[in-house]
Amino acid sequence: MKAVIMAGGEGSRLRPLTCDLPKPMARLCGRPILEYILDLLGSHGVTEASITLQYLPGMIIDHFPDSCHGPVSLAFVQETTPLGTAGSVKNACLPGDDSILVISGDAMCDFDLSAFMADHLKSGAAVTILGKRVGDPREYGLIDADETGKIVGFIEKPSFSQAVSDIANTGIYILSKRALELIPQGSKYDFAKDLFPLLLRRGEVLRCFAGEGYWCDIGDLETYISCQRDMLYGLVRCDIPASGTPDGGSRAAIIPPVYIGRGVRIGDGALIEAGSVLDDGCVVERGARVSGSIVLQGGRISREARLTGALVCAGASVKAGAMLFEGSAAGGGAVIGEGATVAAGIKIWNGKDVEEGATVTEHLKLGAARRRFFDDNGISGQVGIELTPEFCARVGAAAGGLAPGGRLAVGCGGGAGGGVLTQALIAGARSTGCQVIDFGENFLAQFEFCMNFCAIPLGVFLRGDQDAWIRLLEEGLPASRGIERGVETALSRGEFVRAPFDRMGDRVDMSGLESMYRSQLLRLAPGGLDGLTVQARSRNPSVRRMMREILLRLGCDVNSGGITVEISSQGERSRLYDPEEGTLRHHTVLAACALGELERGRDVALPFDSPRTLDARAEAMGRRILRYLRTPADSSDQEARKTAKEQLWSRDALMQTIMLLGDVRRAGSVSALLKQMDYFDVSARTVKTPGNPAALLRAMGEHRAGPVGEGIVLNDVRGIILVKPLKRGRGIRILAESVSAEIARELCDSTEELLLRVMKNSEEEGSPV
């Protein structure tokens with residue numbers, strides 16, 4: 001009898017194993033499933049088989065270069081358009097074919113097919129279906145047959161209330177010629193939906209043959225792993241390749257039954273426990289433990305790593321001390337970082353990286369798994385990839401669990417995905433029992449004002465456009481490293497505060513505080529701005545609209561000409577264009593505002609990386625420039641932060657603009673105001689560093705001239721340079737100040753040369769840098 005093997009399925013529930021592999025080619029104990037099916041057919045006298053192909057057909061064709069397997073000759077039939085189960089079989093048949101045996105190419109079984117074929121020929125049925133009794137009928141399509149084996153109906157994956165049979169349809173059929181003739185050629189047609197109901201309506205006999213033997217429908221990773229365990233324990237009659245002899249590891253412990261492929265290396269002290277499979281070319285290093293797990297070709301398990309009931313696909317690496325738990329999977333070429341943990345049931349897709357020390361509790365299909373989530377922008381990424389609603393809910397839960405007094409401020413900077421992500425974040429925070437103070441959609445500078453006005457210690461602000469990010473703030477200032485570490489710990493370990501159902505936190509709508517912010521802006525120019533012509537620009541319509549309204553209320557002409565002010569979309573930075581003086585960049589605007597405050601007899605608090613040219617001017621005036629850190633690890637900047645909380649203007653470009661315009665009005669012009677200042681310019685540059693930036697800065701210690709903070713300050717006769725590591729440690733930021741832009745750029749050049757020279761010397765000396 002000729003056979004048709006259905007091998008076109010994608011195996012989507014087996015991903016990431018089947019991301020780049022057709023399901024019938026998934027390996028069981030060193031061989032593809034399809035080979036075991038062909039062995040079974042050959043042992044029962046089948047000599048011809050057609051294989052229907054659709055997903056990655058070339059991999060199956062290339063595996064059988066001689067178009068045969070043992071006594072079975074093979075024909076490959078590719079579908080260009082989906083034809084359904086019955087249509088696919090009809091497409092693989094020739095006009096003269098008589099009865100056809102149909103079998104799945106991705107289910108492991110050892111049924112007596114000779115008895116099955118004999119029963120069909122004896123009964124004369126139109127179709128005979130091989131059925132198998134199952135323990136839980138809810139996961140299968142069931143056959144309802146009478147005591148003689150005549151089928152009276154079918155039930156598709158029922159609940160127990162509908163499960164009147166426990167005989168599963170295995171997908172193994174014998175079709176008579178008259179049944180084949182009812183299947184239309186070249187059209188989509190299914191067995192269960194079309195052919196079998198038609199035959200029943202016509203009064204044809206459909207027969208169930210109760211099979212005795214092993215059958216496993218490998219529908220997910222759990223059954224993929226358990227099937228191989230059954231094979232190793234001898235529950236399946238099949239020809240497993242002989243285990244190879246591993247290289248090295250004379251003191252490794254191997255507890256049978258296991259399968260070990262060719263060229264496998266096992267280190268001393270490694271433990272391979274029963275039910276494990278190490279396919280060809282695998283490496284298991286010293287002290288590693290593989291328990292009931294599958295490691296496919298070329299997989300590498302580093303020292304002291306632990307696998308428990310897990311799958312490591314071809315070419316994947318599990319680094320030292322990492323752990324994978326029951327039902328988890330690392331896709332082909334994936335890298336599980338040192339000390340990382342992949343929770344039970346979690347899938348890491350092909351080629352993805354899990355950062356060292358990370359704990360992965362969600363499937364990783366896009367992006368990468370991180371232990372350190374914060375970079376210089378906060379937690380950043382793309383909406384729908386790194387920043388998903390699920391992830392934002394976890395961030396909200398992490399922040400809610402840290403919120404002092406159980407109150408957390410939340411704001412949204414807009415963007416196409418901002419609203420959805422913010423609502424998810426709020427839901428996560430409320431799940432901890434935390435009260436959420438929702439300031440609605442605004443911009444970062446306004447959000448900081450609202451936090452300060454309402455005296456809320458901890459806040460989360462989210463921007464949801466193309467380059468999205470989440471920032472944490474303490475009392476309107478960048479959050480300390482302690483808060484960041486608390487959030488990172490909760491995210492990496494998946495450990496969150498959970499409130500009972502009757503103690504979920506409330507959401508308080510405080511979006512109406514915009515009026516208070518407007519009032520604060522107006523108070524910054526008590527004498528008004530009459531006589532000035534100013535145009536306000538911003539990519540953020542809310543910033544642009546608010547600034548225009550404030551300028552109008554202060555008496556400015558906002559129609560055309562005069563001064564042009566451009567403010568960033570989150571209200572953090574600004575620049576000013578004056579027809580006489582040209583463009584004043586943000587550092588000049590900030591310096592002018594700070595100088596005004598110094599002249600009014602006040603100390604000024606600024607970020608650590610703000611211009612240092614002001615320091616000497618402040619000292620000459622008997623005042624101080626206090627500097628706070630972006631992410632303090634201790635309380636060394638406590639005085640600066642206390643002052644900064646009262647000086648909202650220092651990080652609010654709208655406030656700086658109003659203050660600067662007030663000074664321009666008093667001075668008479670922008671030119672007159674600039675004459676009161678010491679002119680300087682700045683230049684910035686980022687240099688990528690392959691090694692440890694902390695070691696690099698230590699090696700530059702002899703050149704240091706300023707106090708230690710976030711980076712080091714270098715003095716040069718031409719100006720001042722701040723050398724600051726990026727937050728993720730992947731580069732160095734150089735900020736240079738001098739009397740002109742050209743000299744500032746020269747300082748960046750020379751500092752970059754110094755960095756490269758230090759790196760080269762360190763490499764030659766073999767240091768970690």
# chains A, B, ... in the order shown; residues from 1 in each chain; ligands from 1
$ select_by_dssp --residues "stretch 198-429 of chain A" --states "alpha helix (DSSP H)" --output "VMD selection string"
chain A and resid 198 to 201 221 to 232 389 to 400 418 to 429
$ residues_around --residues "A:Glu222" --least-positions-apart "6" --cutoff "12 Å" --atoms "only C-alpha atoms" --output "VMD selection string"
chain A and resid 13 to 15 17 216 228 to 229 292 to 294 309 to 311 326 to 329 344 to 347
$ write_last_selection --atoms "all heavy atoms" --output "short mmCIF file (atom, residue, chain, number, x, y, z; two decimals), in the first residue's frame"
data_model
loop_
_atom_site.label_atom_id
_atom_site.label_comp_id
_atom_site.auth_asym_id
_atom_site.auth_seq_id
_atom_site.Cartn_x
_atom_site.Cartn_y
_atom_site.Cartn_z
N ARG A 13 3.53 25.86 17.68
CA ARG A 13 3.57 25.67 19.14
C ARG A 13 4.89 25.08 19.62
O ARG A 13 5.14 25.02 20.83
CB ARG A 13 2.40 24.79 19.58
CG ARG A 13 1.05 25.48 19.46
CD ARG A 13 -0.04 24.64 20.10
NE ARG A 13 -0.20 23.36 19.43
CZ ARG A 13 -0.73 22.27 19.99
NH1 ARG A 13 -1.12 22.29 21.25
NH2 ARG A 13 -0.84 21.15 19.30
N LEU A 14 5.72 24.65 18.67
CA LEU A 14 7.04 24.12 19.04
C LEU A 14 8.13 25.18 18.95
O LEU A 14 9.30 24.88 19.18
CB LEU A 14 7.42 22.95 18.12
CG LEU A 14 6.88 21.57 18.51
CD1 LEU A 14 7.19 20.57 17.42
CD2 LEU A 14 7.47 21.11 19.83
N ARG A 15 7.78 26.40 18.59
CA ARG A 15 8.79 27.44 18.52
C ARG A 15 9.33 27.74 19.91
O ARG A 15 8.61 27.62 20.88
CB ARG A 15 8.20 28.70 17.88
CG ARG A 15 7.93 28.50 16.39
CD ARG A 15 7.24 29.68 15.77
NE ARG A 15 6.98 29.39 14.35
CZ ARG A 15 6.12 30.05 13.61
NH1 ARG A 15 5.42 31.04 14.13
NH2 ARG A 15 5.94 29.74 12.35
N LEU A 17 11.97 26.03 18.63
CA LEU A 17 12.62 24.89 17.98
C LEU A 17 12.38 24.91 16.47
O LEU A 17 13.28 24.61 15.68
CB LEU A 17 12.09 23.59 18.58
CG LEU A 17 12.52 22.28 17.92
CD1 LEU A 17 14.03 22.09 18.05
CD2 LEU A 17 11.77 21.10 18.54
N CYS A 216 2.42 9.62 20.30
CA CYS A 216 2.63 10.94 20.92
C CYS A 216 2.50 12.01 19.84
O CYS A 216 3.31 12.06 18.91
CB CYS A 216 4.01 11.02 21.58
SG CYS A 216 4.33 12.64 22.35
N GLN A 228 10.97 12.04 24.13
CA GLN A 228 12.33 11.50 24.12
C GLN A 228 12.64 10.76 25.42
O GLN A 228 13.38 9.76 25.42
CB GLN A 228 13.33 12.64 23.88
CG GLN A 228 13.16 13.23 22.48
CD GLN A 228 14.11 14.35 22.17
OE1 GLN A 228 15.28 14.12 21.90
NE2 GLN A 228 13.59 15.57 22.22
N ARG A 229 12.04 11.22 26.49
CA ARG A 229 12.20 10.49 27.76
C ARG A 229 11.56 9.11 27.64
O ARG A 229 12.13 8.09 28.08
CB ARG A 229 11.57 11.30 28.89
CG ARG A 229 11.84 10.75 30.29
CD ARG A 229 11.19 11.62 31.36
NE ARG A 229 11.62 13.01 31.24
CZ ARG A 229 10.79 14.04 31.08
NH1 ARG A 229 9.49 13.83 31.00
NH2 ARG A 229 11.26 15.27 31.00
N GLY A 292 17.16 15.59 32.83
CA GLY A 292 15.95 15.42 32.03
C GLY A 292 15.80 16.46 30.96
O GLY A 292 14.67 16.87 30.64
N SER A 293 16.89 16.91 30.35
CA SER A 293 16.87 18.01 29.40
C SER A 293 17.40 17.58 28.05
O SER A 293 18.10 16.57 27.93
CB SER A 293 17.69 19.19 29.93
OG SER A 293 17.15 19.68 31.14
N ILE A 294 17.10 18.38 27.03
CA ILE A 294 17.52 18.09 25.66
C ILE A 294 18.48 19.19 25.21
O ILE A 294 18.13 20.37 25.26
CB ILE A 294 16.30 18.06 24.70
CG1 ILE A 294 15.17 17.21 25.27
CG2 ILE A 294 16.75 17.59 23.33
CD1 ILE A 294 15.51 15.77 25.51
N GLY A 309 14.78 19.80 32.95
CA GLY A 309 13.63 19.65 32.06
C GLY A 309 13.55 20.71 30.99
O GLY A 309 12.45 21.11 30.59
N ALA A 310 14.68 21.16 30.48
CA ALA A 310 14.73 22.27 29.54
C ALA A 310 15.20 21.82 28.17
O ALA A 310 15.72 20.70 27.99
CB ALA A 310 15.66 23.36 30.07
N LEU A 311 15.05 22.70 27.19
CA LEU A 311 15.50 22.46 25.82
C LEU A 311 16.49 23.53 25.42
O LEU A 311 16.20 24.73 25.55
CB LEU A 311 14.32 22.47 24.85
CG LEU A 311 14.64 22.53 23.36
CD1 LEU A 311 15.37 21.26 22.93
CD2 LEU A 311 13.38 22.74 22.54
N GLU A 326 12.03 23.90 34.20
CA GLU A 326 11.14 22.99 33.47
C GLU A 326 10.39 23.68 32.33
O GLU A 326 9.74 24.70 32.54
CB GLU A 326 10.11 22.37 34.43
CG GLU A 326 10.70 21.37 35.41
CD GLU A 326 11.23 22.04 36.68
OE1 GLU A 326 11.30 23.29 36.69
OE2 GLU A 326 11.56 21.32 37.63
N GLY A 327 10.47 23.08 31.16
CA GLY A 327 9.71 23.57 30.02
C GLY A 327 10.25 24.82 29.37
O GLY A 327 9.66 25.33 28.42
N SER A 328 11.38 25.32 29.85
CA SER A 328 11.98 26.50 29.22
C SER A 328 12.78 26.07 27.99
O SER A 328 13.16 24.91 27.85
CB SER A 328 12.87 27.26 30.21
OG SER A 328 13.94 26.45 30.64
N ALA A 329 13.05 27.04 27.11
CA ALA A 329 13.76 26.70 25.88
C ALA A 329 14.63 27.87 25.45
O ALA A 329 14.20 29.03 25.50
CB ALA A 329 12.78 26.36 24.77
N ALA A 344 10.55 28.68 34.50
CA ALA A 344 9.85 27.54 33.92
C ALA A 344 8.90 28.00 32.82
O ALA A 344 8.17 28.98 32.98
CB ALA A 344 9.08 26.79 35.01
N GLY A 345 8.92 27.27 31.70
CA GLY A 345 7.99 27.54 30.61
C GLY A 345 8.32 28.72 29.73
O GLY A 345 7.58 29.03 28.80
N ILE A 346 9.45 29.40 29.98
CA ILE A 346 9.80 30.61 29.22
C ILE A 346 10.62 30.25 28.00
O ILE A 346 11.56 29.45 28.06
CB ILE A 346 10.56 31.61 30.12
CG1 ILE A 346 9.65 32.07 31.26
CG2 ILE A 346 11.06 32.78 29.31
CD1 ILE A 346 8.37 32.73 30.82
N LYS A 347 10.30 30.89 26.86
CA LYS A 347 10.99 30.61 25.61
C LYS A 347 11.86 31.80 25.22
O LYS A 347 11.39 32.94 25.21
CB LYS A 347 9.97 30.35 24.49
CG LYS A 347 9.05 29.17 24.75
CD LYS A 347 8.03 29.04 23.63
CE LYS A 347 7.06 27.89 23.89
NZ LYS A 347 6.05 27.79 22.80
#
$ residues_around --residues "stretch 112-115 of chain A" --least-positions-apart "3" --cutoff "7 Å" --atoms "only C-alpha atoms" --output "list in words"
His44, Ala118 and Asp119 of chain A
$ residues_around --residues "A:Ile183" --least-positions-apart "6" --cutoff "9 Å" --atoms "only C-alpha atoms" --output "NGL selection string"
:A and (86-87 or 90 or 189-190 or 194-195)
$ select_by_dssp --residues "stretch 558-685 of chain A" --states "strand (DSSP E)" --output "list in words"
Ile563, Thr564, Val565, Glu566, Ile567, Ser574, Arg575, Leu576, Tyr577, Asp578, Gly582, Thr583, Leu584, Val604, Ala605, Leu606, Pro607, Ile625, Leu626, Arg627, Tyr628, Asp681, Val682, Ser683, Ala684 and Arg685 of chain A
$ atom_distance --atom1 "atom CA of A:Gly321" --atom2 "atom CA of A:Ala252"
17.4 Å
$ closest_residue --among "A:Arg698, A:Ser738, A:Val205, A:Ala605" --to "A:Val717" --atoms "only C-alpha atoms"
A:Ser738
$ closest_residue --among "A:Gln535, A:Asn540, A:Thr18, A:Ser187" --to "A:Thr81" --atoms "only C-alpha atoms"
A:Ser187
$ atom_distance --atom1 "atom CA of A:Thr631" --atom2 "atom CA of A:Arg471"
11.5 Å
$ atom_distance --atom1 "atom CA of A:Arg481" --atom2 "atom CA of A:Ala633"
5.0 Å
$ closest_residue --among "A:Gly601, A:Pro82, A:Ile743, A:Pro16" --to "A:His363" --atoms "only C-alpha atoms"
A:Pro16
$ residues_around --residues "stretch 45-50 of chain A" --least-positions-apart "3" --cutoff "8 Å" --atoms "only C-alpha atoms" --output "JSON list (two decimals) with C-alpha atoms, in the first residue's frame"
[["chain", "number", "residue", "atom", "x", "y", "z"],
["A", 1, "MET", "CA", 0.00, 0.00, 0.00],
["A", 2, "LYS", "CA", 1.29, 3.46, -0.92],
["A", 3, "ALA", "CA", 1.68, 6.01, 1.88],
["A", 4, "VAL", "CA", 1.26, 9.80, 1.96],
["A", 5, "ILE", "CA", 3.19, 11.49, 4.75],
["A", 41, "LEU", "CA", 6.34, 2.27, 7.22],
["A", 42, "GLY", "CA", 9.23, 0.22, 5.83],
["A", 71, "PRO", "CA", 13.21, 0.18, 1.37],
["A", 72, "VAL", "CA", 10.91, 3.19, 0.97],
["A", 73, "SER", "CA", 11.24, 5.28, -2.21],
["A", 74, "LEU", "CA", 10.22, 8.91, -1.75],
["A", 75, "ALA", "CA", 8.42, 11.47, -3.87],
["A", 76, "PHE", "CA", 8.27, 15.09, -2.70],
["A", 77, "VAL", "CA", 5.16, 17.15, -3.42],
["A", 92, "ALA", "CA", 0.10, 13.80, -3.73],
["A", 93, "CYS", "CA", -1.82, 10.94, -5.33],
["A", 114, "SER", "CA", 0.04, -4.34, 9.03]]
$ closest_residue --among "A:Leu755, A:Thr308, A:Ser650, A:Pro632" --to "A:Thr689" --atoms "only C-alpha atoms"
A:Leu755
$ residues_around --residues "A:Cys109" --least-positions-apart "3" --cutoff "8 Å" --atoms "only C-alpha atoms" --output "PDB file with C-alpha atoms, in the first residue's frame"
ATOM      1  CA  ILE A  37       7.989   7.322  10.636  1.00  0.00           C
ATOM      2  CA  GLY A 213       0.994   0.842  20.994  1.00  0.00           C
ATOM      3  CA  TYR A 214       2.715   4.141  21.605  1.00  0.00           C
ATOM      4  CA  TRP A 215       1.493   7.404  20.089  1.00  0.00           C
ATOM      5  CA  CYS A 216       2.629  10.936  20.921  1.00  0.00           C
ATOM      6  CA  VAL A 236       8.540   3.126  22.202  1.00  0.00           C
TER       7      VAL A 236
END
$ residues_around --residues "A:Ala397" --least-positions-apart "4" --cutoff "9 Å" --atoms "only C-alpha atoms" --output "list in words"
Cys392, Ala393, Gly401, Leu402, Leu425, Ile426, Ala427, Gly428, Ala429, Arg430, Ser431, Thr432, Cys434, Val487, Ala490, Leu491, Phe496, Val497 and Arg498 of chain A
$ closest_residue --among "A:Glu448, A:Glu742, A:Asp66, A:Asp268" --to "A:Glu474" --atoms "only C-alpha atoms"
A:Glu448
$ closest_residue --among "A:Gln446, A:Thr533, A:Asn350, A:Ser12" --to "A:Gln520" --atoms "only C-alpha atoms"
A:Gln446
